[in-house]
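Asks: Sharing target05.tsv below, TSV, C-alpha atoms:
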chain	number	residue	atom	x	y	z
A	1	ASP	CA	0.00	0.00	0.00
A	2	GLY	CA	1.23	3.50	-0.78
A	3	GLY	CA	1.61	5.83	2.10
A	4	ILE	CA	3.78	7.73	4.53
A	5	THR	CA	5.66	5.96	7.28
A	6	GLN	CA	6.89	7.84	10.31
A	7	SER	CA	9.13	6.24	12.90
A	8	PRO	CA	9.36	5.83	15.74
A	9	LYS	CA	5.83	6.33	17.04
A	10	TYR	CA	7.13	7.48	20.42
A	11	LEU	CA	10.51	9.03	21.13
A	12	PHE	CA	12.15	10.24	24.29
A	13	ARG	CA	14.95	12.76	24.36
A	14	LYS	CA	17.36	13.65	27.10
A	15	GLU	CA	18.31	17.26	27.70
A	16	GLY	CA	21.04	18.40	25.32
A	17	GLN	CA	20.54	15.52	22.92
A	18	ASN	CA	19.74	15.63	19.23
A	19	VAL	CA	17.15	13.19	17.91
A	20	THR	CA	16.10	12.35	14.37
A	21	LEU	CA	12.57	11.53	13.28
A	22	SER	CA	12.16	9.44	10.19
A	23	CYS	CA	9.68	10.02	7.37
A	24	GLU	CA	9.48	7.82	4.30
A	25	GLN	CA	6.92	7.92	1.51
A	26	ASN	CA	6.29	5.58	-1.42
A	27	LEU	CA	3.73	7.78	-3.14
A	28	ASN	CA	6.28	9.19	-5.60
A	29	HIS	CA	5.47	12.66	-4.27
A	30	ASP	CA	7.85	15.50	-4.95
A	31	ALA	CA	6.98	17.65	-1.95
A	32	MET	CA	7.37	16.72	1.68
A	33	TYR	CA	6.58	18.66	4.84
A	34	TRP	CA	7.14	18.57	8.58
A	35	TYR	CA	4.58	20.00	10.98
A	36	ARG	CA	4.46	20.32	14.70
A	37	GLN	CA	1.09	19.85	16.42
A	38	ASP	CA	0.52	21.24	19.91
A	39	PRO	CA	-2.82	21.21	21.75
A	40	GLY	CA	-4.86	24.24	20.78
A	41	GLN	CA	-2.23	25.39	18.28
A	42	GLY	CA	-3.18	23.45	15.18
A	43	LEU	CA	-0.39	22.46	12.83
A	44	ARG	CA	2.60	24.69	12.33
A	45	LEU	CA	5.04	24.22	9.48
A	46	ILE	CA	8.64	23.50	10.43
A	47	TYR	CA	10.33	22.76	7.10
A	48	TYR	CA	9.27	21.75	3.63
A	49	SER	CA	10.95	20.44	0.53
A	50	GLN	CA	9.61	20.56	-3.01
A	51	ILE	CA	12.52	18.79	-4.65
A	52	VAL	CA	15.46	16.59	-3.74
A	53	ASN	CA	18.44	18.46	-2.27
A	54	ASP	CA	16.37	21.55	-1.61
A	55	PHE	CA	14.31	22.60	1.39
A	56	GLN	CA	12.87	25.74	2.89
A	57	LYS	CA	12.19	26.95	6.40
A	58	GLY	CA	8.64	27.09	7.58
A	59	ASP	CA	7.18	29.23	10.34
A	60	ILE	CA	8.98	27.59	13.28
A	61	ALA	CA	12.27	26.24	11.90
A	62	GLU	CA	14.50	27.35	14.77
A	63	GLY	CA	16.04	24.39	16.58
A	64	TYR	CA	15.28	21.96	13.77
A	65	SER	CA	17.16	20.72	10.72
A	66	VAL	CA	16.25	18.54	7.75
A	67	SER	CA	17.80	16.87	4.75
A	68	ARG	CA	16.36	15.65	1.46
A	69	GLU	CA	18.91	13.38	-0.14
A	70	LYS	CA	16.31	11.06	-1.59
A	71	LYS	CA	12.84	11.72	-2.95
A	72	GLU	CA	11.34	9.15	-0.60
A	73	SER	CA	12.91	10.40	2.61
A	74	PHE	CA	12.73	13.62	4.62
A	75	PRO	CA	14.20	13.13	8.11
A	76	LEU	CA	13.79	15.81	10.76
A	77	THR	CA	16.41	16.40	13.44
A	78	VAL	CA	15.31	18.06	16.65
A	79	THR	CA	18.45	19.68	18.00
A	80	SER	CA	19.35	20.63	21.53
A	81	ALA	CA	18.72	24.24	20.51
A	82	GLN	CA	14.97	23.54	20.41
A	83	LYS	CA	13.97	24.54	23.90
A	84	ASN	CA	10.46	23.14	23.88
A	85	PRO	CA	10.57	20.02	21.75
A	86	THR	CA	7.77	18.08	23.45
A	87	ALA	CA	5.08	17.82	20.75
A	88	PHE	CA	3.45	15.62	18.16
A	89	TYR	CA	5.33	15.75	14.84
A	90	LEU	CA	3.56	15.10	11.56
A	91	CYS	CA	5.14	14.45	8.19
A	92	ALA	CA	3.20	14.99	4.98
A	93	SER	CA	3.75	14.76	1.26
A	94	SER	CA	2.03	15.94	-1.87
A	95	GLY	CA	2.49	15.75	-5.60
A	96	ILE	CA	3.37	18.78	-7.63
A	97	GLY	CA	1.59	19.42	-10.89
A	98	GLY	CA	2.95	21.16	-13.94
A	99	ALA	CA	2.93	24.56	-12.31
A	100	ALA	CA	5.03	25.61	-9.36
A	101	VAL	CA	2.02	25.54	-7.13
A	102	SER	CA	0.42	22.25	-6.39
A	103	ASN	CA	-3.32	21.93	-6.10
A	104	GLN	CA	-3.04	18.49	-4.66
A	105	PRO	CA	-3.87	17.73	-1.05
A	106	GLN	CA	-1.26	16.63	1.42
A	107	HIS	CA	-1.15	13.10	2.73
A	108	PHE	CA	-0.12	12.64	6.34
A	109	GLY	CA	1.76	10.04	8.30
A	110	ASP	CA	0.68	8.72	11.70
A	111	GLY	CA	3.02	11.04	13.57
A	112	THR	CA	5.78	10.76	16.14
A	113	ARG	CA	5.25	11.89	19.72
A	114	LEU	CA	8.42	13.33	21.21
A	115	SER	CA	8.85	13.76	24.94
A	116	ILE	CA	11.69	15.04	27.08
A	117	LEU	CA	13.06	12.89	29.88
B	1	ALA	CA	1.01	36.71	6.28
B	2	GLN	CA	-1.79	34.36	5.40
B	3	SER	CA	-3.82	32.99	8.26
B	4	VAL	CA	-6.74	30.68	8.89
B	5	SER	CA	-9.14	31.17	11.77
B	6	GLN	CA	-11.42	28.55	13.22
B	7	HIS	CA	-13.99	30.08	15.49
B	8	ASN	CA	-14.71	27.27	17.89
B	9	HIS	CA	-12.15	25.41	19.95
B	10	HIS	CA	-14.53	22.71	21.18
B	11	VAL	CA	-18.04	21.89	20.01
B	12	ILE	CA	-20.26	19.42	21.83
B	13	LEU	CA	-23.36	18.06	20.09
B	14	SER	CA	-25.85	15.28	20.54
B	15	GLU	CA	-26.30	12.70	17.84
B	16	ALA	CA	-28.55	13.83	14.96
B	17	ALA	CA	-27.82	17.49	15.62
B	18	SER	CA	-26.70	19.64	12.73
B	19	LEU	CA	-23.11	20.79	12.57
B	20	GLU	CA	-21.49	23.93	11.26
B	21	LEU	CA	-17.82	24.66	11.94
B	22	GLY	CA	-16.57	28.10	11.02
B	23	CYS	CA	-13.43	28.80	9.03
B	24	ASN	CA	-12.13	32.12	7.73
B	25	TYR	CA	-9.01	32.67	5.67
B	26	SER	CA	-7.10	35.85	5.08
B	27	TYR	CA	-5.65	35.57	1.57
B	28	GLY	CA	-7.47	37.74	-0.94
B	29	GLY	CA	-6.29	36.08	-4.12
B	30	THR	CA	-6.90	32.69	-5.65
B	31	VAL	CA	-6.98	30.17	-2.88
B	32	ASN	CA	-7.30	26.45	-2.40
B	33	LEU	CA	-9.21	25.41	0.71
B	34	PHE	CA	-9.28	22.13	2.60
B	35	TRP	CA	-10.89	20.50	5.57
B	36	TYR	CA	-8.96	17.71	7.28
B	37	VAL	CA	-10.21	15.43	10.04
B	38	GLN	CA	-8.19	13.65	12.71
B	39	TYR	CA	-10.06	10.83	14.45
B	40	PRO	CA	-8.72	9.80	17.86
B	41	GLY	CA	-5.47	7.89	17.42
B	42	GLN	CA	-5.48	8.23	13.65
B	43	HIS	CA	-3.63	10.34	11.12
B	44	LEU	CA	-5.02	13.42	9.42
B	45	GLN	CA	-7.33	12.61	6.54
B	46	LEU	CA	-8.68	14.85	3.81
B	47	LEU	CA	-12.39	15.47	4.23
B	48	LEU	CA	-12.96	17.75	1.26
B	49	LYS	CA	-11.29	20.42	-0.85
B	50	TYR	CA	-12.18	23.44	-2.93
B	51	PHE	CA	-10.15	24.62	-5.91
B	52	SER	CA	-12.61	26.31	-8.25
B	53	GLY	CA	-16.08	25.98	-9.70
B	54	ASP	CA	-19.13	25.14	-7.62
B	55	PRO	CA	-18.66	26.82	-4.24
B	56	LEU	CA	-20.59	24.07	-2.50
B	57	VAL	CA	-18.22	21.17	-2.08
B	58	LYS	CA	-19.25	17.70	-0.99
B	59	GLY	CA	-16.83	15.47	0.83
B	60	ILE	CA	-16.73	12.08	2.45
B	61	LYS	CA	-19.07	10.87	5.20
B	62	GLY	CA	-21.84	13.35	4.38
B	63	PHE	CA	-19.79	16.49	5.02
B	64	GLU	CA	-20.00	19.56	2.81
B	65	ALA	CA	-18.48	23.02	2.84
B	66	GLU	CA	-19.44	26.27	1.20
B	67	PHE	CA	-16.87	28.70	-0.17
B	68	ILE	CA	-18.11	32.29	0.20
B	69	LYS	CA	-15.50	34.55	-1.33
B	70	SER	CA	-17.09	37.78	-0.12
B	71	LYS	CA	-16.89	36.56	3.46
B	72	PHE	CA	-13.50	34.83	3.15
B	73	SER	CA	-15.22	31.80	4.63
B	74	PHE	CA	-15.25	28.06	4.10
B	75	ASN	CA	-17.56	26.63	6.75
B	76	LEU	CA	-17.96	22.89	7.21
B	77	ARG	CA	-21.46	21.46	7.59
B	78	LYS	CA	-23.19	18.18	8.22
B	79	PRO	CA	-26.97	17.91	8.59
B	80	SER	CA	-26.95	15.13	11.18
B	81	VAL	CA	-23.85	14.13	13.15
B	82	GLN	CA	-23.08	10.68	14.47
B	83	TRP	CA	-21.05	9.58	17.46
B	84	SER	CA	-18.37	8.39	15.00
B	85	ASP	CA	-17.85	12.01	13.87
B	86	THR	CA	-16.10	12.72	17.16
B	87	ALA	CA	-12.73	14.04	16.01
B	88	GLU	CA	-10.67	17.17	15.58
B	89	TYR	CA	-11.30	19.15	12.40
B	90	PHE	CA	-8.76	21.40	10.74
B	91	CYS	CA	-9.38	23.99	8.07
B	92	ALA	CA	-6.44	24.84	5.80
B	93	SER	CA	-5.71	27.15	2.92
B	94	ARG	CA	-3.09	27.31	0.27
B	95	GLY	CA	-2.52	30.66	-1.36
B	96	TYR	CA	-0.79	31.56	-4.55
B	97	GLY	CA	1.55	33.90	-2.79
B	98	GLY	CA	4.99	33.70	-1.31
B	99	SER	CA	4.40	30.38	0.41
B	100	GLN	CA	3.21	28.56	-2.67
B	101	GLY	CA	2.47	24.93	-2.13
B	102	ASN	CA	2.29	25.16	1.63
B	103	LEU	CA	-0.80	24.73	3.71
B	104	ILE	CA	-1.74	27.18	6.41
B	105	PHE	CA	-3.75	25.42	9.09
B	106	GLY	CA	-6.26	26.73	11.56
B	107	LYS	CA	-5.90	25.77	15.19
B	108	GLY	CA	-8.51	23.07	14.91
B	109	THR	CA	-11.98	22.46	16.34
B	110	LYS	CA	-12.57	19.49	18.54
B	111	LEU	CA	-16.00	17.94	18.00
B	112	SER	CA	-17.50	15.71	20.65
B	113	VAL	CA	-20.74	13.95	19.77
B	114	LYS	CA	-22.75	12.53	22.64
B	115	PRO	CA	-24.58	9.27	21.91
Would you encode the structure as structure tokens?
Replies:
Amino acid sequence: DGGITQSPKYLFRKEGQNVTLSCEQNLNHDAMYWYRQDPGQGLRLIYYSQIVNDFQKGDIAEGYSVSREKKESFPLTVTSAQKNPTAFYLCASSGIGGAAVSNQPQHFGDGTRLSIL
Amino acid sequence: AQSVSQHNHHVILSEAASLELGCNYSYGGTVNLFWYVQYPGQHLQLLLKYFSGDPLVKGIKGFEAEFIKSKFSFNLRKPSVQWSDTAEYFCASRGYGGSQGNLIFGKGTKLSVKP
């Protein structure tokens, strides 16, 4: 089945430690996204990538880093610089049509819940 | 900056009641609009979307939404809710501006349906 796989489902981080959240998709989508979901805050965009080897900061990129070495993969690293990392992290992907702007909906993974020890 | 506002944080209804969840967006140009639903313990799923044409959009599970350009609104409706509609609902927009391709989400409305 085509879809988006996020791992792990639950992750615990010690103070001062970097952790990496995995996101893999087999939908052949060009664009991938990372969101952070906090209660009452909705989804906020961290980073997005519309093509391999290129990515852009979203609204709350500070303390996070990403890479896009393969079309299928868009890992997110939560660095020690992120002072409030406890949240639910959602990865999404979408296709891109002929124009620069896609009118296709985003497909979401099941999320990773990150907590601080 | 573009924004999406959802008026209600938490809505509680009894089964068979009618539902309307408010959503307003800020972008004045051409806009794509979406409603996503997140059932407890599940991932976000697309409920319906508006790109152009008929402003009344029908989605899955009996939901519909009406795009009213003059009001910058895209409210979600369902004539008769069921207990299984208990979920969190997110409105989102995509504008043809600087953040092309990205979705701007509202803060979500939690719907609780009492059996």
Asks: What does the structure give for the distance between CA of Val37 in chain B and CA of Pro105 in chain A, in Å to one decimal?
Replies: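 Value for the CA of Val37 in chain B-CA of Pro105 in chain A distance: 13.0 Å.
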Asks: Taking into account all atoms listed in the file, which residue in the set A:Glu69, A:Asp54, A:Glu24, A:Asp30 is nearest to chain B?
Replies: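 So, comparing all the options, the nearest one is A:Asp30.
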Asks: Give as a PyMOL selection string every residue of chain B that touches chain A within 12 Å, counting all atoms listed in the file.
Replies: chain B and resi 1-6+8-10+30-52+88-110
Asks: Those selected residues, please, written with C-alpha atoms and delivered as a PDB file, in the frame of the given file.
Replies:
ATOM      1  CA  ALA B   1       1.010  36.710   6.280  1.00  0.00           C
ATOM      2  CA  GLN B   2      -1.790  34.360   5.400  1.00  0.00           C
ATOM      3  CA  SER B   3      -3.820  32.990   8.260  1.00  0.00           C
ATOM      4  CA  VAL B   4      -6.740  30.680   8.890  1.00  0.00           C
ATOM      5  CA  SER B   5      -9.140  31.170  11.770  1.00  0.00           C
ATOM      6  CA  GLN B   6     -11.420  28.550  13.220  1.00  0.00           C
ATOM      7  CA  ASN B   8     -14.710  27.270  17.890  1.00  0.00           C
ATOM      8  CA  HIS B   9     -12.150  25.410  19.950  1.00  0.00           C
ATOM      9  CA  HIS B  10     -14.530  22.710  21.180  1.00  0.00           C
ATOM     10  CA  THR B  30      -6.900  32.690  -5.650  1.00  0.00           C
ATOM     11  CA  VAL B  31      -6.980  30.170  -2.880  1.00  0.00           C
ATOM     12  CA  ASN B  32      -7.300  26.450  -2.400  1.00  0.00           C
ATOM     13  CA  LEU B  33      -9.210  25.410   0.710  1.00  0.00           C
ATOM     14  CA  PHE B  34      -9.280  22.130   2.600  1.00  0.00           C
ATOM     15  CA  TRP B  35     -10.890  20.500   5.570  1.00  0.00           C
ATOM     16  CA  TYR B  36      -8.960  17.710   7.280  1.00  0.00           C
ATOM     17  CA  VAL B  37     -10.210  15.430  10.040  1.00  0.00           C
ATOM     18  CA  GLN B  38      -8.190  13.650  12.710  1.00  0.00           C
ATOM     19  CA  TYR B  39     -10.060  10.830  14.450  1.00  0.00           C
ATOM     20  CA  PRO B  40      -8.720   9.800  17.860  1.00  0.00           C
ATOM     21  CA  GLY B  41      -5.470   7.890  17.420  1.00  0.00           C
ATOM     22  CA  GLN B  42      -5.480   8.230  13.650  1.00  0.00           C
ATOM     23  CA  HIS B  43      -3.630  10.340  11.120  1.00  0.00           C
ATOM     24  CA  LEU B  44      -5.020  13.420   9.420  1.00  0.00           C
ATOM     25  CA  GLN B  45      -7.330  12.610   6.540  1.00  0.00           C
ATOM     26  CA  LEU B  46      -8.680  14.850   3.810  1.00  0.00           C
ATOM     27  CA  LEU B  47     -12.390  15.470   4.230  1.00  0.00           C
ATOM     28  CA  LEU B  48     -12.960  17.750   1.260  1.00  0.00           C
ATOM     29  CA  LYS B  49     -11.290  20.420  -0.850  1.00  0.00           C
ATOM     30  CA  TYR B  50     -12.180  23.440  -2.930  1.00  0.00           C
ATOM     31  CA  PHE B  51     -10.150  24.620  -5.910  1.00  0.00           C
ATOM     32  CA  SER B  52     -12.610  26.310  -8.250  1.00  0.00           C
ATOM     33  CA  GLU B  88     -10.670  17.170  15.580  1.00  0.00           C
ATOM     34  CA  TYR B  89     -11.300  19.150  12.400  1.00  0.00           C
ATOM     35  CA  PHE B  90      -8.760  21.400  10.740  1.00  0.00           C
ATOM     36  CA  CYS B  91      -9.380  23.990   8.070  1.00  0.00           C
ATOM     37  CA  ALA B  92      -6.440  24.840   5.800  1.00  0.00           C
ATOM     38  CA  SER B  93      -5.710  27.150   2.920  1.00  0.00           C
ATOM     39  CA  ARG B  94      -3.090  27.310   0.270  1.00  0.00           C
ATOM     40  CA  GLY B  95      -2.520  30.660  -1.360  1.00  0.00           C
ATOM     41  CA  TYR B  96      -0.790  31.560  -4.550  1.00  0.00           C
ATOM     42  CA  GLY B  97       1.550  33.900  -2.790  1.00  0.00           C
ATOM     43  CA  GLY B  98       4.990  33.700  -1.310  1.00  0.00           C
ATOM     44  CA  SER B  99       4.400  30.380   0.410  1.00  0.00           C
ATOM     45  CA  GLN B 100       3.210  28.560  -2.670  1.00  0.00           C
ATOM     46  CA  GLY B 101       2.470  24.930  -2.130  1.00  0.00           C
ATOM     47  CA  ASN B 102       2.290  25.160   1.630  1.00  0.00           C
ATOM     48  CA  LEU B 103      -0.800  24.730   3.710  1.00  0.00           C
ATOM     49  CA  ILE B 104      -1.740  27.180   6.410  1.00  0.00           C
ATOM     50  CA  PHE B 105      -3.750  25.420   9.090  1.00  0.00           C
ATOM     51  CA  GLY B 106      -6.260  26.730  11.560  1.00  0.00           C
ATOM     52  CA  LYS B 107      -5.900  25.770  15.190  1.00  0.00           C
ATOM     53  CA  GLY B 108      -8.510  23.070  14.910  1.00  0.00           C
ATOM     54  CA  THR B 109     -11.980  22.460  16.340  1.00  0.00           C
ATOM     55  CA  LYS B 110     -12.570  19.490  18.540  1.00  0.00           C
TER      56      LYS B 110
END
Asks: Could you give me, as a VMD selection string, the residues within 10 Å of Lys83 in chain A, counting only C-alpha atoms and dropping anything in the same chain fewer than 2 positions from it?
Replies: chain A and resid 15 to 16 62 to 63 78 to 81 85 to 86
Asks: I'd like the contact shell of Leu117 in chain A - 9 Å cut-off, all atoms listed in the file, skipping same-chain residues fewer than 3 positions apart - returned as a PyMOL selection string.
Replies: chain A and resi 12-15
Asks: Nearest to Asp85 in chain B: which of B:Leu19, B:Asn24, B:His7, B:Ser73 is it, counting only C-alpha atoms?
Replies: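 When distances to Asp85 in chain B are compared using only C-alpha atoms, the smallest one comes from B:Leu19.
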Asks: State, in Å with one decimal place, the distance from CA of Ser93 in chain A to CA of Ser112 in chain B.
Replies: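 These atoms are spaced 28.8 Å apart.
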Asks: Would you compute the distance between CA of Asn84 in chain A and CA of Val66 in chain A? Give it in Å to one decimal.
Replies: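 Separation between CA of Asn84 in chain A and CA of Val66 in chain A: 17.7 Å.
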Asks: For each of A:Leu27, A:Ile60, A:Val19, A:Ile46, take the minimum atom-to-atom distance to Glu72 in chain A, counting all atoms listed in the file, then give the residue where this is smallest.
Replies: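 Closest to Glu72 in chain A of all the choices is A:Leu27.
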Asks: Please determine an axis-aligned box that encloses all atoms of range 34-42 of chain B listed in the file, with 3 Å added on each side, and express its centre and edge lengths in Å to one decimal as AutoDock Vina command-line options.
Replies:
--center_x -8.2 --center_y 15.0 --center_z 10.2 --size_x 11.4 --size_y 20.2 --size_z 21.3
Asks: In terms of the shortest atom-to-atom distance over only C-alpha atoms, which of A:Gly3, A:Tyr47, A:Phe74, A:Lys9 is closest to Tyr35 in chain A?
Replies: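 The closest residue to Tyr35 in chain A is A:Tyr47.
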Asks: Once all heavy atoms are restored for range 53-64 of chain B, what would the output be as a compact mmCIF listing (two decimals), keeping the file's coordinate frame?
Replies:
# COMPACT_ATOMS: atom_id res chain seq x y z
N GLY B 53 -14.79 26.50 -9.26
CA GLY B 53 -16.08 25.98 -9.70
C GLY B 53 -17.15 26.11 -8.64
O GLY B 53 -17.20 27.09 -7.89
N ASP B 54 -18.00 25.12 -8.54
CA ASP B 54 -19.13 25.14 -7.62
C ASP B 54 -18.65 25.41 -6.20
O ASP B 54 -17.83 24.66 -5.66
CB ASP B 54 -19.85 23.78 -7.67
CG ASP B 54 -21.17 23.78 -6.91
OD1 ASP B 54 -21.40 24.71 -6.10
OD2 ASP B 54 -21.96 22.85 -7.12
N PRO B 55 -19.14 26.48 -5.59
CA PRO B 55 -18.66 26.82 -4.24
C PRO B 55 -19.15 25.87 -3.15
O PRO B 55 -18.65 25.92 -2.04
CB PRO B 55 -19.20 28.23 -4.02
CG PRO B 55 -20.39 28.33 -4.91
CD PRO B 55 -20.08 27.49 -6.11
N LEU B 56 -20.13 25.04 -3.47
CA LEU B 56 -20.59 24.07 -2.50
C LEU B 56 -19.89 22.75 -2.80
O LEU B 56 -20.10 22.13 -3.84
CB LEU B 56 -22.11 23.90 -2.58
CG LEU B 56 -22.73 23.01 -1.52
CD1 LEU B 56 -22.47 23.57 -0.11
CD2 LEU B 56 -24.22 22.85 -1.74
N VAL B 57 -19.06 22.34 -1.88
CA VAL B 57 -18.22 21.17 -2.08
C VAL B 57 -18.71 20.04 -1.20
O VAL B 57 -18.93 20.23 0.00
CB VAL B 57 -16.75 21.49 -1.72
CG1 VAL B 57 -15.88 20.27 -1.96
CG2 VAL B 57 -16.25 22.66 -2.52
N LYS B 58 -18.84 18.87 -1.79
CA LYS B 58 -19.25 17.70 -0.99
C LYS B 58 -18.04 16.81 -0.75
O LYS B 58 -17.24 16.57 -1.64
CB LYS B 58 -20.35 16.94 -1.72
CG LYS B 58 -21.64 17.76 -1.85
CD LYS B 58 -22.83 16.92 -2.21
CE LYS B 58 -24.05 17.81 -2.40
NZ LYS B 58 -24.42 18.51 -1.15
N GLY B 59 -17.94 16.33 0.47
CA GLY B 59 -16.83 15.47 0.83
C GLY B 59 -17.29 14.10 1.27
O GLY B 59 -18.42 13.69 1.00
N ILE B 60 -16.41 13.43 1.99
CA ILE B 60 -16.73 12.08 2.45
C ILE B 60 -17.61 12.15 3.68
O ILE B 60 -17.70 13.19 4.35
CB ILE B 60 -15.46 11.28 2.75
CG1 ILE B 60 -14.64 11.97 3.85
CG2 ILE B 60 -14.62 11.10 1.49
CD1 ILE B 60 -13.47 11.15 4.36
N LYS B 61 -18.30 11.06 3.97
CA LYS B 61 -19.07 10.87 5.20
C LYS B 61 -20.16 11.92 5.38
O LYS B 61 -20.52 12.24 6.52
CB LYS B 61 -18.14 10.83 6.41
CG LYS B 61 -17.06 9.76 6.28
CD LYS B 61 -16.23 9.61 7.51
CE LYS B 61 -15.18 8.53 7.27
NZ LYS B 61 -14.41 8.21 8.47
N GLY B 62 -20.71 12.43 4.30
CA GLY B 62 -21.84 13.35 4.38
C GLY B 62 -21.49 14.78 4.70
O GLY B 62 -22.37 15.61 4.92
N PHE B 63 -20.21 15.12 4.75
CA PHE B 63 -19.79 16.49 5.02
C PHE B 63 -19.83 17.32 3.74
O PHE B 63 -19.65 16.81 2.64
CB PHE B 63 -18.37 16.52 5.59
CG PHE B 63 -18.29 16.07 7.02
CD1 PHE B 63 -18.06 14.74 7.32
CD2 PHE B 63 -18.45 16.98 8.05
CE1 PHE B 63 -17.99 14.32 8.65
CE2 PHE B 63 -18.37 16.56 9.38
CZ PHE B 63 -18.15 15.23 9.67
N GLU B 64 -20.07 18.60 3.91
CA GLU B 64 -20.00 19.56 2.81
C GLU B 64 -19.47 20.87 3.35
O GLU B 64 -19.48 21.12 4.56
CB GLU B 64 -21.36 19.76 2.15
CG GLU B 64 -22.40 20.40 3.04
CD GLU B 64 -23.72 20.61 2.32
OE1 GLU B 64 -24.05 19.82 1.42
OE2 GLU B 64 -24.43 21.57 2.68
